[in-house]
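Engineer: Here it is: the structure, laid out below.
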Amino acid sequence: MRFAPVALACAALLTATLAGCAPASPAVVTTSKPASRASYRIATSSWPCAEHDSQRTSRTTAVVSSTPPARRWSLGQASDSEPAIGPRGTLLLSVPDSGLWAVDGGTGRVRWKTGIESDSVAAAFENGDVVISSAVGALLGQQAVVTMVDSSGRKIWQSRIGRQASRSDGGSLVVGSPAIGDDGTIYVAVGNQGLFALDPADGRVLWTFASTHNLADPTLGQDGTIYELDDSVGLVALKADGSVRWRVKSDAWFVTPPVVGPDGTIYLQEPSALRAVAPDGRDRWQLKLDIQGALGIGRDGTVYAPDPGNRLSAVSPKGKVRWVVKHGSHAALVDGKGHIVIQDGGSLYVFKADGSELWHKDVGEETSAMPVVGPDGTIYVGDGTSPASLNAWGGVPK
């Protein structure tokens, strides 16, 4: 996911109120095929979707090197955005003006390309299928599209969702990165239109949760609750059928989705504050803290909160600051040993769980995208130098 600020037009505020916030529209169910969805599950790879998983924890089981790595390969004319990683270590990269690329994680060789242009991060299924969301069309207004391809890049299905963007939207849409539920259901947020749940077997819309506001990428709790951040309504918790469980008012920035900790706590980035909300919607705590970017969540529930160009803070599940290092970033990644990986300026930094530095390495021009980790510990990170490139840091190739 990209975390650079985006100027977006906002629709008029809803007028009805409930517990201090405007209620979002109810779900609209069009079809349901639970039997066909049961065979789909998210890939058990080292980085199958945006922010690693549907809880958005940015935590992987893969372990980075304990010493500064060497550059393994560089793929030019590509993209400096966050890739997903398929079940066989294939990188799935959205390349501007080119489409979705599948790249061999070991060699950097491009295996296949599609013409599906997107600003979102793809999501990989265990069977090798890949789902990507995008916006198509321009002259009469864009429309959101979700596409499933197989492990060779062949299109399985394509589903247009929602309506074409209107003039009041500026004719363009913000389409988020897909999240995948335990039963394979695909969730995609479309700004000023709503959250859509799709059947992975054929792309049919199972239900729609309508909204006239900007939406964050959806986040899923361990119990299947869907958390959606509406930049006017606040945080909305949805049941598996799209009906509302609860909602709380929040002015959290929709560009950074909610994150769910191991105990079910939902973390929100509000202006100059980190807010913790219990799974039942009650507040747990709020900590005054400047943050902006992808949070990392340790296995013990520690929250690693980045602030670009400023600092990285480690916060306990009780809301107490454990340590601060003066290295800022757009994203904090946690590996299988609890090491924290960030990109500050043109350098990668790796810290131990106690905040001490393990190593750092110059890797090129900074980007706002998340570095990701391959199954062998290779770190894939973009270089924002024009033209952008993707680089693999993990030692000498075999």
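Letters A, B, ... mark the chains of the structure tokens in the order given; residue numbers begin at 1 per chain; ligand numbers begin at 1, in order shown.
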Enumerate as an MDAnalysis selection string all residues of region 14-178 of chain A assigned to strand (DSSP E or B) by DSSP on the backbone, naming them with the chain letters and numbers the document uses.
Structural biologist: chainID A and resid 18 21 27:29 42 59 71:75 84:85 90:95 99:104 110:113 123:125 130:136 143:149 155:161 175
Engineer: Please produce an output containing C-alpha atoms for each residue in the selection, written as a PDB file, in the first residue's frame.
Structural biologist:
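Saved to part-v7.pdb:
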```
ATOM      1  CA  LEU A  18     -26.319   7.310  16.336  1.00  0.00           C
ATOM      2  CA  CYS A  21     -21.912   9.277  14.434  1.00  0.00           C
ATOM      3  CA  ALA A  27     -25.533  -4.373   3.555  1.00  0.00           C
ATOM      4  CA  VAL A  28     -27.186  -5.322   0.285  1.00  0.00           C
ATOM      5  CA  VAL A  29     -26.953  -9.072  -0.364  1.00  0.00           C
ATOM      6  CA  ILE A  42      -5.070 -17.087   1.459  1.00  0.00           C
ATOM      7  CA  ARG A  59       4.374  -9.449  10.610  1.00  0.00           C
ATOM      8  CA  ARG A  71      22.103  -6.864  -3.292  1.00  0.00           C
ATOM      9  CA  ARG A  72      20.995 -10.033  -5.011  1.00  0.00           C
ATOM     10  CA  TRP A  73      19.344  -8.517  -8.070  1.00  0.00           C
ATOM     11  CA  SER A  74      17.709  -5.357  -9.375  1.00  0.00           C
ATOM     12  CA  LEU A  75      14.678  -5.149 -11.668  1.00  0.00           C
ATOM     13  CA  ALA A  84       2.751  -9.537  -2.634  1.00  0.00           C
ATOM     14  CA  ILE A  85       4.398 -12.970  -2.601  1.00  0.00           C
ATOM     15  CA  THR A  90       6.764 -15.425  -6.822  1.00  0.00           C
ATOM     16  CA  LEU A  91       6.595 -11.649  -6.401  1.00  0.00           C
ATOM     17  CA  LEU A  92       3.357 -10.057  -7.620  1.00  0.00           C
ATOM     18  CA  LEU A  93       4.039  -6.459  -8.527  1.00  0.00           C
ATOM     19  CA  SER A  94       1.731  -3.702  -9.810  1.00  0.00           C
ATOM     20  CA  VAL A  95       3.740  -1.698 -12.342  1.00  0.00           C
ATOM     21  CA  GLY A  99       0.160  -4.036 -15.427  1.00  0.00           C
ATOM     22  CA  LEU A 100       0.579  -6.899 -12.987  1.00  0.00           C
ATOM     23  CA  TRP A 101       3.960  -8.653 -13.174  1.00  0.00           C
ATOM     24  CA  ALA A 102       4.967 -12.006 -11.720  1.00  0.00           C
ATOM     25  CA  VAL A 103       8.667 -11.981 -10.832  1.00  0.00           C
ATOM     26  CA  ASP A 104      10.890 -14.881  -9.743  1.00  0.00           C
ATOM     27  CA  VAL A 110       9.815 -11.702 -15.046  1.00  0.00           C
ATOM     28  CA  ARG A 111       7.688 -14.847 -15.438  1.00  0.00           C
ATOM     29  CA  TRP A 112       4.605 -13.223 -16.910  1.00  0.00           C
ATOM     30  CA  LYS A 113       2.787  -9.930 -17.286  1.00  0.00           C
ATOM     31  CA  ALA A 123      -3.473 -10.898  -2.917  1.00  0.00           C
ATOM     32  CA  ALA A 124      -2.433 -14.528  -3.449  1.00  0.00           C
ATOM     33  CA  PHE A 125      -4.391 -17.712  -2.797  1.00  0.00           C
ATOM     34  CA  VAL A 130      -4.091 -14.048  -7.708  1.00  0.00           C
ATOM     35  CA  VAL A 131      -6.723 -11.351  -7.184  1.00  0.00           C
ATOM     36  CA  ILE A 132      -6.106  -7.687  -8.023  1.00  0.00           C
ATOM     37  CA  SER A 133      -8.439  -4.675  -7.774  1.00  0.00           C
ATOM     38  CA  SER A 134      -8.258  -1.644 -10.034  1.00  0.00           C
ATOM     39  CA  ALA A 135     -10.177   1.213 -11.652  1.00  0.00           C
ATOM     40  CA  VAL A 136     -10.859   1.193 -15.383  1.00  0.00           C
ATOM     41  CA  GLN A 143     -15.459   1.948 -12.470  1.00  0.00           C
ATOM     42  CA  ALA A 144     -13.956  -0.489 -10.006  1.00  0.00           C
ATOM     43  CA  VAL A 145     -12.912  -3.891 -11.339  1.00  0.00           C
ATOM     44  CA  VAL A 146     -11.727  -7.009  -9.522  1.00  0.00           C
ATOM     45  CA  THR A 147      -9.803  -9.616 -11.539  1.00  0.00           C
ATOM     46  CA  MET A 148      -8.720 -13.166 -10.731  1.00  0.00           C
ATOM     47  CA  VAL A 149      -5.848 -14.752 -12.666  1.00  0.00           C
ATOM     48  CA  LYS A 155      -7.631 -14.494 -16.551  1.00  0.00           C
ATOM     49  CA  ILE A 156     -10.155 -16.652 -14.669  1.00  0.00           C
ATOM     50  CA  TRP A 157     -12.832 -14.003 -14.171  1.00  0.00           C
ATOM     51  CA  GLN A 158     -13.275 -10.252 -14.034  1.00  0.00           C
ATOM     52  CA  SER A 159     -16.026  -8.472 -12.134  1.00  0.00           C
ATOM     53  CA  ARG A 160     -17.077  -4.838 -12.418  1.00  0.00           C
ATOM     54  CA  ILE A 161     -18.375  -3.624  -9.072  1.00  0.00           C
ATOM     55  CA  VAL A 175      -9.952   1.338  -5.164  1.00  0.00           C
TER      56      VAL A 175
END
```
Engineer: Give me the residues within 9 Å of Ala353 (chain A) as a count of residues only, counting only C-alpha atoms and dropping any in the same chain fewer than 6 places off.
Structural biologist: 6
Engineer: Residues of region 79-127 of chain A that approach region 374-395 of chain A to 7 Å or less, counting only C-alpha atoms: could you list each one with the shortest pair of atoms and its distance in Å to one decimal, rows by chain and increasing residue number, as CSV?
Structural biologist:
```
residue,atom,partner,partner_atom,distance
A:Ser79,CA,A:Ser389,CA,5.3
A:Asp80,CA,A:Gly382,CA,3.8
A:Ser81,CA,A:Gly382,CA,6.3
A:Gly89,CA,A:Gly374,CA,6.7
```
Engineer: Next, dump the selected residues to file, keeping only C-alpha atoms, as a short mmCIF file (atom, residue, chain, number, x, y, z; two decimals), in the first residue's frame.
Structural biologist:
```
data_model
loop_
_atom_site.label_atom_id
_atom_site.label_comp_id
_atom_site.auth_asym_id
_atom_site.auth_seq_id
_atom_site.Cartn_x
_atom_site.Cartn_y
_atom_site.Cartn_z
CA SER A 79 7.88 -0.33 -9.63
CA ASP A 80 8.90 0.76 -6.15
CA SER A 81 5.53 -0.30 -4.68
CA GLY A 89 7.99 -17.27 -3.72
#
```
Engineer: Excluding Ser166 (chain A) and residues on its chain fewer than 6 positions from it, collect all residues at most 9 Å away from it, counting only C-alpha atoms, and give them as a PDB file with C-alpha atoms, in the first residue's frame.
Structural biologist:
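Generated file (part33.pdb):
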```pdb
ATOM      1  CA  LEU A 140     -17.177   8.634 -18.861  1.00  0.00           C
ATOM      2  CA  GLY A 141     -15.871   8.024 -15.351  1.00  0.00           C
ATOM      3  CA  GLN A 142     -13.949   5.155 -13.824  1.00  0.00           C
ATOM      4  CA  SER A 172     -11.998   8.946 -10.688  1.00  0.00           C
TER       5      SER A 172
END
```
Engineer: Let me make sure I understand: among A:Val260, A:Leu358, A:Leu198, A:Val373, which one has the smallest atom-to-atom distance to Gly224 (chain A) if we use only C-alpha atoms?
Structural biologist: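 Ranked by minimum distance to Gly224 (chain A), first place goes to A:Val260.
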Engineer: Env of region 271-283 of chain A: 12 Å cut, atoms = only C-alpha atoms, seq-sep filter 6 positions within chain, self excluded. Answer as a PDB file with N, CA and C atoms, in the first residue's frame.
Structural biologist:
```pdb
ATOM      1  N   ALA A  19     -25.176   7.405  18.475  1.00  0.00           N
ATOM      2  CA  ALA A  19     -24.008   7.395  19.363  1.00  0.00           C
ATOM      3  C   ALA A  19     -22.969   8.371  18.894  1.00  0.00           C
ATOM      4  N   LEU A 220      -9.662  -7.581   8.812  1.00  0.00           N
ATOM      5  CA  LEU A 220     -10.456  -8.669   9.363  1.00  0.00           C
ATOM      6  C   LEU A 220      -9.940  -9.083  10.732  1.00  0.00           C
ATOM      7  N   GLY A 221     -10.854  -9.266  11.673  1.00  0.00           N
ATOM      8  CA  GLY A 221     -10.483  -9.795  12.978  1.00  0.00           C
ATOM      9  C   GLY A 221     -10.312 -11.298  12.923  1.00  0.00           C
ATOM     10  N   GLN A 222      -9.692 -11.847  13.982  1.00  0.00           N
ATOM     11  CA  GLN A 222      -9.494 -13.294  14.010  1.00  0.00           C
ATOM     12  C   GLN A 222     -10.819 -14.048  14.059  1.00  0.00           C
ATOM     13  N   ASP A 223     -11.886 -13.385  14.525  1.00  0.00           N
ATOM     14  CA  ASP A 223     -13.198 -14.018  14.606  1.00  0.00           C
ATOM     15  C   ASP A 223     -14.042 -13.797  13.357  1.00  0.00           C
ATOM     16  N   GLY A 224     -13.455 -13.180  12.307  1.00  0.00           N
ATOM     17  CA  GLY A 224     -14.168 -12.949  11.079  1.00  0.00           C
ATOM     18  C   GLY A 224     -14.863 -11.610  10.983  1.00  0.00           C
ATOM     19  N   THR A 225     -14.836 -10.805  12.057  1.00  0.00           N
ATOM     20  CA  THR A 225     -15.411  -9.465  11.996  1.00  0.00           C
ATOM     21  C   THR A 225     -14.652  -8.629  10.971  1.00  0.00           C
ATOM     22  N   ILE A 226     -15.382  -7.849  10.178  1.00  0.00           N
ATOM     23  CA  ILE A 226     -14.757  -6.976   9.185  1.00  0.00           C
ATOM     24  C   ILE A 226     -14.772  -5.562   9.731  1.00  0.00           C
ATOM     25  N   TYR A 227     -13.610  -4.944   9.791  1.00  0.00           N
ATOM     26  CA  TYR A 227     -13.490  -3.570  10.283  1.00  0.00           C
ATOM     27  C   TYR A 227     -13.254  -2.643   9.097  1.00  0.00           C
ATOM     28  N   GLY A 234     -16.525   6.963  10.900  1.00  0.00           N
ATOM     29  CA  GLY A 234     -15.613   6.429  11.899  1.00  0.00           C
ATOM     30  C   GLY A 234     -15.350   4.959  11.648  1.00  0.00           C
ATOM     31  N   LEU A 235     -15.148   4.189  12.724  1.00  0.00           N
ATOM     32  CA  LEU A 235     -14.855   2.763  12.618  1.00  0.00           C
ATOM     33  C   LEU A 235     -16.154   1.973  12.693  1.00  0.00           C
ATOM     34  N   VAL A 236     -16.375   1.108  11.702  1.00  0.00           N
ATOM     35  CA  VAL A 236     -17.573   0.281  11.650  1.00  0.00           C
ATOM     36  C   VAL A 236     -17.152  -1.185  11.702  1.00  0.00           C
ATOM     37  N   ALA A 237     -17.775  -1.951  12.603  1.00  0.00           N
ATOM     38  CA  ALA A 237     -17.538  -3.390  12.688  1.00  0.00           C
ATOM     39  C   ALA A 237     -18.706  -4.105  12.038  1.00  0.00           C
ATOM     40  N   LEU A 238     -18.407  -4.983  11.064  1.00  0.00           N
ATOM     41  CA  LEU A 238     -19.431  -5.694  10.309  1.00  0.00           C
ATOM     42  C   LEU A 238     -19.362  -7.186  10.586  1.00  0.00           C
ATOM     43  N   VAL A 244     -24.250  -4.503  10.423  1.00  0.00           N
ATOM     44  CA  VAL A 244     -23.445  -3.764  11.395  1.00  0.00           C
ATOM     45  C   VAL A 244     -23.462  -4.448  12.757  1.00  0.00           C
ATOM     46  N   ARG A 245     -22.285  -4.654  13.318  1.00  0.00           N
ATOM     47  CA  ARG A 245     -22.157  -5.143  14.692  1.00  0.00           C
ATOM     48  C   ARG A 245     -22.105  -3.974  15.646  1.00  0.00           C
ATOM     49  N   TRP A 246     -21.238  -2.989  15.343  1.00  0.00           N
ATOM     50  CA  TRP A 246     -21.180  -1.747  16.116  1.00  0.00           C
ATOM     51  C   TRP A 246     -20.411  -0.713  15.325  1.00  0.00           C
ATOM     52  N   ARG A 247     -20.462   0.524  15.788  1.00  0.00           N
ATOM     53  CA  ARG A 247     -19.688   1.602  15.171  1.00  0.00           C
ATOM     54  C   ARG A 247     -19.252   2.565  16.259  1.00  0.00           C
ATOM     55  N   VAL A 248     -18.082   3.152  16.091  1.00  0.00           N
ATOM     56  CA  VAL A 248     -17.587   4.164  17.018  1.00  0.00           C
ATOM     57  C   VAL A 248     -17.085   5.357  16.214  1.00  0.00           C
ATOM     58  N   LYS A 249     -17.267   6.527  16.746  1.00  0.00           N
ATOM     59  CA  LYS A 249     -16.812   7.723  16.059  1.00  0.00           C
ATOM     60  C   LYS A 249     -15.298   7.828  16.148  1.00  0.00           C
ATOM     61  N   SER A 250     -14.677   8.176  15.033  1.00  0.00           N
ATOM     62  CA  SER A 250     -13.232   8.336  14.993  1.00  0.00           C
ATOM     63  C   SER A 250     -12.876   9.262  13.844  1.00  0.00           C
ATOM     64  N   ASP A 251     -11.842  10.062  14.047  1.00  0.00           N
ATOM     65  CA  ASP A 251     -11.343  10.900  12.954  1.00  0.00           C
ATOM     66  C   ASP A 251     -10.018  10.360  12.429  1.00  0.00           C
ATOM     67  N   ALA A 252      -9.848   9.035  12.539  1.00  0.00           N
ATOM     68  CA  ALA A 252      -8.643   8.386  12.008  1.00  0.00           C
ATOM     69  C   ALA A 252      -8.571   8.580  10.502  1.00  0.00           C
ATOM     70  N   TRP A 253      -7.344   8.675   9.989  1.00  0.00           N
ATOM     71  CA  TRP A 253      -7.112   8.900   8.564  1.00  0.00           C
ATOM     72  C   TRP A 253      -7.362   7.613   7.807  1.00  0.00           C
ATOM     73  N   PHE A 254      -8.235   7.668   6.781  1.00  0.00           N
ATOM     74  CA  PHE A 254      -8.649   6.460   6.085  1.00  0.00           C
ATOM     75  C   PHE A 254      -7.534   5.827   5.261  1.00  0.00           C
ATOM     76  N   THR A 256      -4.648   4.920   6.196  1.00  0.00           N
ATOM     77  CA  THR A 256      -3.997   3.876   6.980  1.00  0.00           C
ATOM     78  C   THR A 256      -5.071   3.012   7.633  1.00  0.00           C
ATOM     79  N   PRO A 258      -7.249   0.136   9.812  1.00  0.00           N
ATOM     80  CA  PRO A 258      -7.122  -0.386  11.180  1.00  0.00           C
ATOM     81  C   PRO A 258      -6.213  -1.602  11.194  1.00  0.00           C
ATOM     82  N   VAL A 259      -5.614  -1.864  12.348  1.00  0.00           N
ATOM     83  CA  VAL A 259      -4.748  -3.029  12.531  1.00  0.00           C
ATOM     84  C   VAL A 259      -5.263  -3.799  13.738  1.00  0.00           C
ATOM     85  N   VAL A 260      -5.301  -5.124  13.655  1.00  0.00           N
ATOM     86  CA  VAL A 260      -5.807  -5.960  14.735  1.00  0.00           C
ATOM     87  C   VAL A 260      -4.656  -6.706  15.404  1.00  0.00           C
ATOM     88  N   GLY A 261      -4.548  -6.559  16.724  1.00  0.00           N
ATOM     89  CA  GLY A 261      -3.512  -7.240  17.491  1.00  0.00           C
ATOM     90  C   GLY A 261      -3.902  -8.661  17.820  1.00  0.00           C
ATOM     91  N   PRO A 262      -2.971  -9.443  18.421  1.00  0.00           N
ATOM     92  CA  PRO A 262      -3.241 -10.853  18.711  1.00  0.00           C
ATOM     93  C   PRO A 262      -4.363 -11.077  19.710  1.00  0.00           C
ATOM     94  N   ASP A 263      -4.670 -10.078  20.551  1.00  0.00           N
ATOM     95  CA  ASP A 263      -5.760 -10.211  21.510  1.00  0.00           C
ATOM     96  C   ASP A 263      -7.070  -9.626  20.981  1.00  0.00           C
ATOM     97  N   GLY A 264      -7.085  -9.238  19.691  1.00  0.00           N
ATOM     98  CA  GLY A 264      -8.295  -8.700  19.087  1.00  0.00           C
ATOM     99  C   GLY A 264      -8.429  -7.200  19.168  1.00  0.00           C
ATOM    100  N   THR A 265      -7.504  -6.514  19.846  1.00  0.00           N
ATOM    101  CA  THR A 265      -7.555  -5.059  19.933  1.00  0.00           C
ATOM    102  C   THR A 265      -7.403  -4.443  18.546  1.00  0.00           C
ATOM    103  N   LEU A 289       0.677  10.482  20.327  1.00  0.00           N
ATOM    104  CA  LEU A 289       1.828  10.017  19.554  1.00  0.00           C
ATOM    105  C   LEU A 289       1.643  10.410  18.098  1.00  0.00           C
ATOM    106  N   ASP A 290       2.671  10.983  17.504  1.00  0.00           N
ATOM    107  CA  ASP A 290       2.636  11.330  16.083  1.00  0.00           C
ATOM    108  C   ASP A 290       3.075  10.126  15.271  1.00  0.00           C
ATOM    109  N   ILE A 291       2.176   9.601  14.473  1.00  0.00           N
ATOM    110  CA  ILE A 291       2.479   8.451  13.621  1.00  0.00           C
ATOM    111  C   ILE A 291       1.796   8.632  12.275  1.00  0.00           C
ATOM    112  N   GLN A 292       2.362   7.985  11.256  1.00  0.00           N
ATOM    113  CA  GLN A 292       1.759   7.999   9.925  1.00  0.00           C
ATOM    114  C   GLN A 292       2.386   6.899   9.092  1.00  0.00           C
ATOM    115  N   GLY A 293       1.671   5.821   8.910  1.00  0.00           N
ATOM    116  CA  GLY A 293       2.206   4.730   8.113  1.00  0.00           C
ATOM    117  C   GLY A 293       1.677   3.398   8.581  1.00  0.00           C
ATOM    118  N   LEU A 295       1.523   0.221  10.682  1.00  0.00           N
ATOM    119  CA  LEU A 295       1.954  -0.282  11.974  1.00  0.00           C
ATOM    120  C   LEU A 295       2.448  -1.715  11.845  1.00  0.00           C
ATOM    121  N   GLY A 301       2.157  -8.604  20.973  1.00  0.00           N
ATOM    122  CA  GLY A 301       1.201  -7.506  20.932  1.00  0.00           C
ATOM    123  C   GLY A 301       1.833  -6.130  20.920  1.00  0.00           C
ATOM    124  N   VAL A 303       3.150  -2.797  19.613  1.00  0.00           N
ATOM    125  CA  VAL A 303       2.825  -2.039  18.411  1.00  0.00           C
ATOM    126  C   VAL A 303       4.041  -1.208  18.025  1.00  0.00           C
ATOM    127  N   TYR A 304       4.513  -1.368  16.814  1.00  0.00           N
ATOM    128  CA  TYR A 304       5.639  -0.579  16.316  1.00  0.00           C
ATOM    129  C   TYR A 304       5.072   0.501  15.397  1.00  0.00           C
ATOM    130  N   ALA A 305       5.152   1.750  15.859  1.00  0.00           N
ATOM    131  CA  ALA A 305       4.476   2.870  15.213  1.00  0.00           C
ATOM    132  C   ALA A 305       5.488   3.778  14.538  1.00  0.00           C
ATOM    133  N   PRO A 306       5.455   3.872  13.195  1.00  0.00           N
ATOM    134  CA  PRO A 306       6.424   4.696  12.473  1.00  0.00           C
ATOM    135  C   PRO A 306       5.931   6.128  12.282  1.00  0.00           C
ATOM    136  N   ASP A 307       6.873   7.031  12.177  1.00  0.00           N
ATOM    137  CA  ASP A 307       6.594   8.425  11.830  1.00  0.00           C
ATOM    138  C   ASP A 307       7.643   8.831  10.802  1.00  0.00           C
ATOM    139  N   SER A 313       8.403   4.218  17.335  1.00  0.00           N
ATOM    140  CA  SER A 313       8.054   3.998  18.738  1.00  0.00           C
ATOM    141  C   SER A 313       7.536   2.584  18.936  1.00  0.00           C
ATOM    142  N   ALA A 314       7.950   1.956  20.031  1.00  0.00           N
ATOM    143  CA  ALA A 314       7.426   0.654  20.429  1.00  0.00           C
ATOM    144  C   ALA A 314       6.458   0.877  21.586  1.00  0.00           C
ATOM    145  N   VAL A 315       5.223   0.428  21.415  1.00  0.00           N
ATOM    146  CA  VAL A 315       4.164   0.678  22.398  1.00  0.00           C
ATOM    147  C   VAL A 315       3.617  -0.659  22.884  1.00  0.00           C
ATOM    148  N   SER A 316       3.496  -0.822  24.203  1.00  0.00           N
ATOM    149  CA  SER A 316       2.987  -2.066  24.768  1.00  0.00           C
ATOM    150  C   SER A 316       1.485  -2.193  24.514  1.00  0.00           C
ATOM    151  N   PRO A 317       0.932  -3.413  24.633  1.00  0.00           N
ATOM    152  CA  PRO A 317      -0.512  -3.578  24.458  1.00  0.00           C
ATOM    153  C   PRO A 317      -1.333  -2.794  25.475  1.00  0.00           C
ATOM    154  N   LYS A 318      -0.690  -2.311  26.549  1.00  0.00           N
ATOM    155  CA  LYS A 318      -1.375  -1.495  27.562  1.00  0.00           C
ATOM    156  C   LYS A 318      -1.280  -0.010  27.268  1.00  0.00           C
ATOM    157  N   GLY A 319      -0.592   0.362  26.173  1.00  0.00           N
ATOM    158  CA  GLY A 319      -0.524   1.764  25.796  1.00  0.00           C
ATOM    159  C   GLY A 319       0.653   2.521  26.390  1.00  0.00           C
ATOM    160  N   LYS A 320       1.706   1.822  26.816  1.00  0.00           N
ATOM    161  CA  LYS A 320       2.891   2.452  27.380  1.00  0.00           C
ATOM    162  C   LYS A 320       4.041   2.405  26.360  1.00  0.00           C
ATOM    163  N   VAL A 321       4.750   3.524  26.202  1.00  0.00           N
ATOM    164  CA  VAL A 321       5.881   3.559  25.288  1.00  0.00           C
ATOM    165  C   VAL A 321       7.052   2.799  25.897  1.00  0.00           C
TER     166      VAL A 321
END
```
Engineer: So that I can check the secondary structure, give me every residue of region 28-257 of chain A assigned helix (DSSP H, G or I) by backbone DSSP, as a ChimeraX atom specification.
Structural biologist: /A:34-37,167-169
Engineer: Quick one: write out the picked residues with C-alpha atoms as a short mmCIF file (atom, residue, chain, number, x, y, z; two decimals), in the first residue's frame?
Structural biologist:
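Output (selection_35.cif):
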```
data_model
loop_
_atom_site.label_atom_id
_atom_site.label_comp_id
_atom_site.auth_asym_id
_atom_site.auth_seq_id
_atom_site.Cartn_x
_atom_site.Cartn_y
_atom_site.Cartn_z
CA PRO A 34 -20.56 -20.69 0.77
CA ALA A 35 -19.83 -24.17 -0.57
CA SER A 36 -17.80 -22.82 -3.50
CA ARG A 37 -15.85 -20.44 -1.27
CA ARG A 167 -18.63 14.29 -11.88
CA SER A 168 -18.88 15.05 -8.17
CA ASP A 169 -16.20 12.37 -7.66
#
```
Engineer: Write out as a list of chain:residue names each polymer residue whose atoms come within 9 Å of His327 (chain A), counting only C-alpha atoms; drop sequence neighbours fewer than 3 positions from it.
Structural biologist: A:Pro306, A:Asp307, A:Pro308, A:Gly309, A:Asn310, A:Arg311, A:Leu312, A:Val324, A:Ile342, A:Gln343, A:Asp344, A:Gly345, A:Tyr349
Engineer: Do you have the CA of Ala332 (chain A)-CA of Met370 (chain A) distance handy?
Structural biologist: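 CA of Ala332 (chain A) sits 7.7 Å away from CA of Met370 (chain A).
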Engineer: Separation of CA of Ser368 (chain A) and CA of Ala331 (chain A), in Å?
Structural biologist: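 Separation of CA of Ser368 (chain A) and CA of Ala331 (chain A): 7.9 Å.
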Engineer: Measuring atom to atom with only C-alpha atoms, identify which of A:Ser45, A:Gly170, A:Val341, A:Arg56 is nearest to Tyr267 (chain A).
Structural biologist: A:Arg56
Engineer: With a distance cut-off of 9 Å and only C-alpha atoms, select the neighbouring residues of Asp354 (chain A), excluding the residue or stretch itself and same-chain residues fewer than 2 positions from it, and output the selection as a ChimeraX atom specification.
Structural biologist: /A:314,322-323,351-352,356-357
Engineer: CA of His213 (chain A) and CA of Ala201 (chain A) are how many Å apart?
Structural biologist: 29.0 Å
Engineer: For Ala216 (chain A), work out the shell of residues within 7 Å, counting only C-alpha atoms and skipping chain neighbours fewer than 5 positions away, then give it as a count of residues only.
Structural biologist: 8
Engineer: Given only C-alpha atoms as the basis, pick out the residue of A:Gly355, A:Gly128, A:Gly191, A:Gly242 nearest to Thr208 (chain A).
Structural biologist: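 So, comparing all the options, the nearest one is A:Gly242.
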